[in-house]
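**Q** Here you go, this is protein39.pdb (PDB, C-alpha atoms, pLDDT in the B column).
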```pdb
ATOM      1  CA  MET A   3       4.508 -15.711 -78.592  1.00 58.00           C
ATOM      2  CA  TYR A   4       5.896 -18.466 -80.772  1.00 62.00           C
ATOM      3  CA  LEU A   5       9.128 -20.287 -79.837  1.00 63.00           C
ATOM      4  CA  THR A   6      11.023 -22.670 -82.028  1.00 74.00           C
ATOM      5  CA  ARG A   7      12.504 -25.805 -80.506  1.00 68.00           C
ATOM      6  CA  ARG A   8      15.970 -24.269 -80.857  1.00 69.00           C
ATOM      7  CA  GLN A   9      14.901 -21.083 -78.994  1.00 68.00           C
ATOM      8  CA  LEU A  10      13.365 -23.167 -76.219  1.00 61.00           C
ATOM      9  CA  LEU A  11      16.567 -25.202 -75.808  1.00 64.00           C
ATOM     10  CA  GLN A  12      18.680 -22.039 -75.815  1.00 69.00           C
ATOM     11  CA  ALA A  13      16.460 -20.449 -73.159  1.00 67.00           C
ATOM     12  CA  GLY A  14      16.726 -23.604 -71.014  1.00 67.00           C
ATOM     13  CA  ALA A  15      20.509 -23.599 -71.358  1.00 64.00           C
ATOM     14  CA  VAL A  16      20.698 -19.940 -70.348  1.00 63.00           C
ATOM     15  CA  ALA A  17      18.452 -20.561 -67.320  1.00 64.00           C
ATOM     16  CA  GLY A  18      20.541 -23.568 -66.278  1.00 62.00           C
ATOM     17  CA  ALA A  19      23.751 -21.576 -66.619  1.00 58.00           C
ATOM     18  CA  GLY A  20      22.197 -18.809 -64.539  1.00 60.00           C
ATOM     19  CA  ILE A  21      21.483 -21.260 -61.721  1.00 58.00           C
ATOM     20  CA  LEU A  22      25.072 -22.511 -61.865  1.00 56.00           C
ATOM     21  CA  VAL A  23      26.441 -18.964 -61.816  1.00 57.00           C
ATOM     22  CA  HIS A  24      24.050 -17.726 -59.094  1.00 58.00           C
ATOM     23  CA  PRO A  25      23.357 -20.653 -56.728  1.00 54.00           C
ATOM     24  CA  ASP A  26      21.631 -18.260 -54.294  1.00 57.00           C
ATOM     25  CA  ALA A  27      18.873 -17.806 -56.881  1.00 56.00           C
ATOM     26  CA  ALA A  28      18.295 -21.550 -56.942  1.00 50.00           C
ATOM     27  CA  LEU A  29      18.151 -21.587 -53.125  1.00 50.00           C
ATOM     28  CA  ALA A  30      15.573 -18.788 -53.173  1.00 56.00           C
ATOM     29  CA  ALA A  31      13.488 -20.711 -55.731  1.00 53.00           C
ATOM     30  CA  ARG A  32      13.628 -23.875 -53.609  1.00 46.00           C
ATOM     31  CA  THR A  33      12.642 -21.904 -50.507  1.00 49.00           C
ATOM     32  CA  ARG A  34       9.569 -20.531 -52.286  1.00 53.00           C
ATOM     33  CA  ALA A  35       8.716 -24.006 -53.559  1.00 47.00           C
ATOM     34  CA  ARG A  36       8.448 -25.285 -49.971  1.00 49.00           C
ATOM     35  CA  GLN A  37       5.277 -23.258 -49.439  1.00 56.00           C
ATOM     36  CA  ALA A  38       2.532 -25.794 -48.770  1.00 59.00           C
ATOM     37  CA  GLY A  39      -0.653 -25.373 -50.749  1.00 72.00           C
ATOM     38  CA  PRO A  40      -1.947 -22.398 -52.687  1.00 83.00           C
ATOM     39  CA  LEU A  41      -1.894 -18.944 -51.169  1.00 83.00           C
ATOM     40  CA  THR A  42      -5.211 -17.445 -50.170  1.00 85.00           C
ATOM     41  CA  MET A  43      -6.073 -14.381 -52.198  1.00 84.00           C
ATOM     42  CA  PHE A  44      -6.851 -10.946 -50.803  1.00 76.00           C
ATOM     43  CA  SER A  45      -6.423 -12.044 -47.206  1.00 81.00           C
ATOM     44  CA  GLU A  46      -4.227  -9.184 -45.998  1.00 83.00           C
ATOM     45  CA  GLN A  47      -5.443  -5.776 -44.915  1.00 85.00           C
ATOM     46  CA  MET A  48      -3.916  -2.735 -46.589  1.00 84.00           C
ATOM     47  CA  PRO A  49      -1.623  -0.805 -44.232  1.00 84.00           C
ATOM     48  CA  THR A  50      -3.352   1.873 -42.179  1.00 86.00           C
ATOM     49  CA  LEU A  51      -2.056   5.386 -41.615  1.00 87.00           C
ATOM     50  CA  ALA A  52      -1.074   4.331 -38.104  1.00 84.00           C
ATOM     51  CA  GLU A  53       1.109   1.569 -39.558  1.00 84.00           C
ATOM     52  CA  LEU A  54       2.575   3.754 -42.300  1.00 86.00           C
ATOM     53  CA  GLY A  55       3.105   6.741 -40.060  1.00 88.00           C
ATOM     54  CA  VAL A  56       2.091  10.339 -40.747  1.00 90.00           C
ATOM     55  CA  LEU A  57       4.364  13.369 -40.922  1.00 91.00           C
ATOM     56  CA  ASP A  58       2.154  16.417 -40.403  1.00 93.00           C
ATOM     57  CA  MET A  59       4.083  19.261 -42.018  1.00 94.00           C
ATOM     58  CA  ARG A  60       1.122  21.624 -42.551  1.00 95.00           C
ATOM     59  CA  ALA A  61       2.683  24.172 -40.200  1.00 95.00           C
ATOM     60  CA  GLY A  62       6.094  23.916 -41.877  1.00 94.00           C
ATOM     61  CA  GLY A  63       9.272  23.103 -40.019  1.00 93.00           C
ATOM     62  CA  GLN A  64      11.784  20.396 -40.705  1.00 93.00           C
ATOM     63  CA  THR A  65      12.069  16.661 -40.263  1.00 92.00           C
ATOM     64  CA  GLU A  66      14.357  13.793 -41.164  1.00 93.00           C
ATOM     65  CA  LEU A  67      13.804  10.302 -42.551  1.00 93.00           C
ATOM     66  CA  SER A  68      16.202   7.430 -43.070  1.00 92.00           C
ATOM     67  CA  MET A  69      16.150   4.912 -45.915  1.00 91.00           C
ATOM     68  CA  LEU A  70      16.771   1.528 -44.274  1.00 90.00           C
ATOM     69  CA  ASN A  71      16.826  -2.174 -44.977  1.00 91.00           C
ATOM     70  CA  ALA A  72      13.916  -3.901 -43.267  1.00 90.00           C
ATOM     71  CA  GLY A  73      11.866  -7.084 -43.391  1.00 90.00           C
ATOM     72  CA  HIS A  74       8.133  -7.309 -44.064  1.00 88.00           C
ATOM     73  CA  ALA A  75       5.620 -10.164 -44.265  1.00 87.00           C
ATOM     74  CA  PHE A  76       3.361  -9.480 -47.250  1.00 86.00           C
ATOM     75  CA  HIS A  77       1.132 -12.478 -46.650  1.00 86.00           C
ATOM     76  CA  GLY A  78       0.145 -14.415 -43.545  1.00 84.00           C
ATOM     77  CA  GLN A  79       1.180 -17.708 -45.150  1.00 86.00           C
ATOM     78  CA  LEU A  80       4.657 -16.451 -46.034  1.00 86.00           C
ATOM     79  CA  GLY A  81       7.585 -15.420 -43.928  1.00 87.00           C
ATOM     80  CA  SER A  82       9.269 -12.057 -43.851  1.00 89.00           C
ATOM     81  CA  THR A  83      11.153 -10.863 -46.912  1.00 88.00           C
ATOM     82  CA  ASP A  84      13.787  -8.159 -47.323  1.00 89.00           C
ATOM     83  CA  THR A  85      12.438  -4.688 -48.104  1.00 87.00           C
ATOM     84  CA  PHE A  86      13.449  -1.050 -48.083  1.00 89.00           C
ATOM     85  CA  THR A  87      11.641   1.538 -45.992  1.00 90.00           C
ATOM     86  CA  TYR A  88      11.658   5.255 -45.241  1.00 92.00           C
ATOM     87  CA  ARG A  89      11.456   5.685 -41.494  1.00 90.00           C
ATOM     88  CA  ALA A  90      11.607   8.460 -38.916  1.00 89.00           C
ATOM     89  CA  ASP A  91      13.816   7.784 -35.894  1.00 85.00           C
ATOM     90  CA  ASP A  92      10.845   7.060 -33.616  1.00 84.00           C
ATOM     91  CA  ALA A  93       8.909   4.892 -36.125  1.00 86.00           C
ATOM     92  CA  SER A  94       8.856   1.174 -36.847  1.00 86.00           C
ATOM     93  CA  GLN A  95       7.620   0.779 -40.451  1.00 86.00           C
ATOM     94  CA  THR A  96       8.925  -2.254 -42.280  1.00 87.00           C
ATOM     95  CA  TYR A  97       7.753  -1.264 -45.752  1.00 86.00           C
ATOM     96  CA  LEU A  98       7.045   1.931 -47.675  1.00 88.00           C
ATOM     97  CA  GLY A  99       7.228   5.016 -45.514  1.00 89.00           C
ATOM     98  CA  PRO A 100       5.187   7.707 -43.835  1.00 92.00           C
ATOM     99  CA  VAL A 101       2.462   9.756 -45.472  1.00 91.00           C
ATOM    100  CA  ILE A 102       3.544  13.392 -45.616  1.00 92.00           C
ATOM    101  CA  VAL A 103       0.731  15.876 -45.060  1.00 93.00           C
ATOM    102  CA  ALA A 104       1.640  19.346 -46.358  1.00 94.00           C
ATOM    103  CA  GLN A 105      -0.116  22.672 -46.837  1.00 94.00           C
ATOM    104  CA  ARG A 106       0.212  24.425 -50.191  1.00 93.00           C
ATOM    105  CA  GLY A 107       2.314  27.560 -49.801  1.00 94.00           C
ATOM    106  CA  THR A 108       3.851  26.440 -46.496  1.00 95.00           C
ATOM    107  CA  PRO A 109       7.466  25.373 -46.957  1.00 94.00           C
ATOM    108  CA  PHE A 110       9.076  22.616 -44.939  1.00 93.00           C
ATOM    109  CA  ALA A 111      12.477  20.932 -45.014  1.00 93.00           C
ATOM    110  CA  LEU A 112      12.784  17.178 -45.407  1.00 93.00           C
ATOM    111  CA  THR A 113      16.201  15.565 -45.064  1.00 93.00           C
ATOM    112  CA  VAL A 114      16.514  11.930 -46.137  1.00 92.00           C
ATOM    113  CA  HIS A 115      19.564   9.938 -45.025  1.00 92.00           C
ATOM    114  CA  ASN A 116      20.646   6.939 -47.079  1.00 89.00           C
ATOM    115  CA  ARG A 117      21.346   4.241 -44.485  1.00 89.00           C
ATOM    116  CA  LEU A 118      20.715   1.330 -46.829  1.00 86.00           C
ATOM    117  CA  GLY A 119      22.930  -1.688 -46.395  1.00 86.00           C
ATOM    118  CA  GLU A 120      23.484  -4.465 -48.898  1.00 82.00           C
ATOM    119  CA  HIS A 121      20.815  -4.753 -51.558  1.00 79.00           C
ATOM    120  CA  PRO A 122      18.626  -7.811 -50.795  1.00 78.00           C
ATOM    121  CA  LEU A 123      18.622  -8.820 -54.471  1.00 76.00           C
ATOM    122  CA  ALA A 124      22.345  -8.263 -55.054  1.00 77.00           C
ATOM    123  CA  PHE A 125      22.792 -11.966 -55.901  1.00 77.00           C
ATOM    124  CA  ALA A 126      20.370 -11.579 -58.814  1.00 76.00           C
ATOM    125  CA  ILE A 127      22.031  -8.562 -60.461  1.00 72.00           C
ATOM    126  CA  ASP A 128      23.732  -9.570 -63.698  1.00 76.00           C
ATOM    127  CA  ASP A 129      27.402  -8.593 -63.449  1.00 72.00           C
ATOM    128  CA  GLU A 130      27.431  -7.898 -67.188  1.00 77.00           C
ATOM    129  CA  LEU A 131      25.083  -4.956 -66.596  1.00 75.00           C
ATOM    130  CA  VAL A 132      27.214  -3.383 -63.859  1.00 70.00           C
ATOM    131  CA  PRO A 133      29.999  -1.026 -64.988  1.00 73.00           C
ATOM    132  CA  PRO A 134      33.554  -2.217 -64.207  1.00 76.00           C
ATOM    133  CA  GLY A 135      34.762  -1.064 -60.803  1.00 76.00           C
ATOM    134  CA  SER A 136      31.234  -0.377 -59.557  1.00 73.00           C
ATOM    135  CA  ASP A 137      30.050  -1.856 -56.275  1.00 69.00           C
ATOM    136  CA  ASP A 138      26.402  -0.811 -56.712  1.00 63.00           C
ATOM    137  CA  ALA A 139      25.213  -4.398 -56.296  1.00 58.00           C
ATOM    138  CA  ASN A 140      26.422  -4.432 -52.696  1.00 64.00           C
ATOM    139  CA  THR A 141      26.502  -0.781 -51.710  1.00 63.00           C
ATOM    140  CA  PRO A 142      23.886   1.570 -53.168  1.00 58.00           C
ATOM    141  CA  PRO A 143      25.217   4.699 -54.853  1.00 60.00           C
ATOM    142  CA  HIS A 144      24.911   7.949 -52.955  1.00 58.00           C
ATOM    143  CA  LEU A 145      24.049  11.254 -54.572  1.00 52.00           C
ATOM    144  CA  ASP A 146      26.866  13.685 -54.048  1.00 53.00           C
ATOM    145  CA  PRO A 147      25.829  17.334 -53.528  1.00 52.00           C
ATOM    146  CA  PRO A 148      26.690  18.524 -57.090  1.00 53.00           C
ATOM    147  CA  ALA A 149      24.567  15.744 -58.626  1.00 52.00           C
ATOM    148  CA  TRP A 150      21.710  16.555 -56.253  1.00 49.00           C
ATOM    149  CA  ARG A 151      21.836  20.254 -57.176  1.00 51.00           C
ATOM    150  CA  GLN A 152      21.666  19.288 -60.858  1.00 51.00           C
ATOM    151  CA  HIS A 153      18.616  17.139 -60.079  1.00 48.00           C
ATOM    152  CA  GLN A 154      16.947  19.994 -58.185  1.00 49.00           C
ATOM    153  CA  ALA A 155      17.545  22.335 -61.105  1.00 49.00           C
ATOM    154  CA  ARG A 156      15.572  19.999 -63.385  1.00 50.00           C
ATOM    155  CA  VAL A 157      12.610  19.759 -61.017  1.00 47.00           C
ATOM    156  CA  ARG A 158      10.269  22.704 -61.407  1.00 46.00           C
ATOM    157  CA  ARG A 159       7.599  23.620 -58.895  1.00 47.00           C
ATOM    158  CA  ARG A 160       4.145  24.389 -60.151  1.00 48.00           C
ATOM    159  CA  PRO A 161       2.684  27.739 -59.054  1.00 46.00           C
TER     160      PRO A 161
END
```
Please express the file's structure as structure tokens.

**A**
Amino acid sequence: MYLTRRQLLQAGAVAGAGILVHPDAALAARTRARQAGPLTMFSEQMPTLAELGVLDMRAGGQTELSMLNAGHAFHGQLGSTDTFTYRADDASQTYLGPVIVAQRGTPFALTVHNRLGEHPLAFAIDDELVPPGSDDANTPPHLDPPAWRQHQARVRRRP
């Protein structure tokens, strides 16, 4: 990619203005900069099924999950960061959610409750992209039943 001097100066001005408008972003950048030394690569184990949780729905039935704000450490040299997770009431995942094991032809009911709080990156959402009167940056939108039914109508099951 080729940048002219003018484009480079304009990009720098926009970045500087962004830091002035969103000081939390500058704080986050400074916090990351405090990390001493380079991060070791490939040092973390992938999550196991025990850590992710397993919902065995092969016999059918029903279960519930909640979408929640959580914190997860992705690397041993870094602290915890804000994440979202899907979690059953008796589980403790901090990232992702359980693995659902199902049997073809055996129906089951899964209810997911949106219990998300403030979005952890709300400070970084450009207000110019958010429709007037919307509070999506702080409170995630919820699907109302008519919208959900419309979504279900578009999703087709394979035989």

**Q** Counting only C-alpha atoms, which residue out of A:Asp92, A:Pro122, A:Ile127, A:Thr108 sits closest to A:Gly73?

**A**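 Smallest distance to A:Gly73 is found for A:Pro122.
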
**Q** Taking into account all atoms listed in the file, which residue in the set A:Glu66, A:Asp129, A:Asp91, A:Asp58 is nearest to A:Gln105?

**A** A:Asp58

**Q** Counting all atoms listed in the file, which residue out of A:Ser94, A:Asn116, A:Thr6, A:Ser82 sits closest to A:Ala52?

**A**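 Nearest to A:Ala52: A:Ser94.
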
**Q** From the list A:Leu57, A:Phe86, A:Gln47, A:His74, which residue is nearest A:His121 when using all atoms listed in the file?

**A**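 Of A:Leu57, A:Phe86, A:Gln47, A:His74, the one nearest A:His121, counting all atoms listed in the file, is A:Phe86.
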
**Q** I need the residue nearest A:Ala75 from this list: A:Gly39, A:Pro134, A:Gly55, A:Pro49. Use all atoms listed in the file for the distance.

**A** A:Pro49

**Q** On this file, the PyMOL selection byres ((chain A and resi 44) around 12) gives some set of residues; write that set as a list in words.

**A**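 Selection result, ordered by chain and number: Leu41, Thr42, Met43, Ser45, Glu46, Gln47, Met48, Phe76, His77, Gly78 and Gln79 of chain A.
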
**Q** Once 3 Å is added on each side, what centre and edge lengths in Å to one decimal does the axis-aligned box around all listed atoms of stretch 119-135 of chain A have, as lines of an AutoDock Vina configuration file?

**A**
```
center_x = 26.7
center_y = -6.5
center_z = -56.8
size_x = 22.1
size_y = 16.9
size_z = 26.8
```

**Q** Take the point (11.2, 27.1, -46.0) in the file's coordinates, draw a sphere of radius 12 Å around it, and report as a list of chain:residue names every protein, DNA or RNA residue with an atom inside or on it, counting only C-alpha atoms.

**A** A:Met59, A:Arg60, A:Ala61, A:Gly62, A:Gly63, A:Gln64, A:Thr65, A:Gly107, A:Thr108, A:Pro109, A:Phe110, A:Ala111, A:Leu112

**Q** Selected residues, C-alpha atoms, written as a PDB file, in the frame of the given file, please.

**A**
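Result written to result09.pdb:
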```
ATOM      1  CA  MET A  59       4.083  19.261 -42.018  1.00 94.00           C
ATOM      2  CA  ARG A  60       1.122  21.624 -42.551  1.00 95.00           C
ATOM      3  CA  ALA A  61       2.683  24.172 -40.200  1.00 95.00           C
ATOM      4  CA  GLY A  62       6.094  23.916 -41.877  1.00 94.00           C
ATOM      5  CA  GLY A  63       9.272  23.103 -40.019  1.00 93.00           C
ATOM      6  CA  GLN A  64      11.784  20.396 -40.705  1.00 93.00           C
ATOM      7  CA  THR A  65      12.069  16.661 -40.263  1.00 92.00           C
ATOM      8  CA  GLY A 107       2.314  27.560 -49.801  1.00 94.00           C
ATOM      9  CA  THR A 108       3.851  26.440 -46.496  1.00 95.00           C
ATOM     10  CA  PRO A 109       7.466  25.373 -46.957  1.00 94.00           C
ATOM     11  CA  PHE A 110       9.076  22.616 -44.939  1.00 93.00           C
ATOM     12  CA  ALA A 111      12.477  20.932 -45.014  1.00 93.00           C
ATOM     13  CA  LEU A 112      12.784  17.178 -45.407  1.00 93.00           C
TER      14      LEU A 112
END
```

**Q** Find the distance between atom CA of A:Leu123 and atom CA of A:Thr50 and write it in Å to one decimal.

**A**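 So the answer is 27.4 Å.
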
**Q** How many Å lie between atom CA of A:Val103 and atom CA of A:Ser68, rounded to one decimal?

**A**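 Separation of atom CA of A:Val103 and atom CA of A:Ser68: 17.7 Å.
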
**Q** Record the distance separating atom CA of A:Gly119 and atom CA of A:Leu70, expressed in Å with one decimal.

**A**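 Interatomic distance, atom CA of A:Gly119 to atom CA of A:Leu70: 7.3 Å.
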
**Q** In terms of the shortest atom-to-atom distance over all atoms listed in the file, which of A:Ile102, A:Val56, A:Leu118, A:Met69 is closest to A:Tyr88?

**A**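 Under the stated criterion, the closest residue is A:Met69.
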
**Q** Excluding A:Gln95 and its own-chain neighbours fewer than 3 positions away, which residues fall within 9 Å of it when counting all atoms listed in the file? Please give them as an mmCIF file with C-alpha atoms, in the frame of the given file.

**A**
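Produced file around-v8.cif, reproduced below:
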```
data_model
loop_
_atom_site.group_PDB
_atom_site.id
_atom_site.type_symbol
_atom_site.label_atom_id
_atom_site.label_comp_id
_atom_site.auth_asym_id
_atom_site.auth_seq_id
_atom_site.Cartn_x
_atom_site.Cartn_y
_atom_site.Cartn_z
ATOM 1 C CA GLU A 53 1.109 1.569 -39.558
ATOM 2 C CA LEU A 54 2.575 3.754 -42.300
ATOM 3 C CA GLY A 55 3.105 6.741 -40.060
ATOM 4 C CA ALA A 72 13.916 -3.901 -43.267
ATOM 5 C CA HIS A 74 8.133 -7.309 -44.064
ATOM 6 C CA THR A 87 11.641 1.538 -45.992
ATOM 7 C CA TYR A 88 11.658 5.255 -45.241
ATOM 8 C CA ARG A 89 11.456 5.685 -41.494
ATOM 9 C CA ALA A 90 11.607 8.460 -38.916
ATOM 10 C CA LEU A 98 7.045 1.931 -47.675
ATOM 11 C CA GLY A 99 7.228 5.016 -45.514
ATOM 12 C CA PRO A 100 5.187 7.707 -43.835
#
```
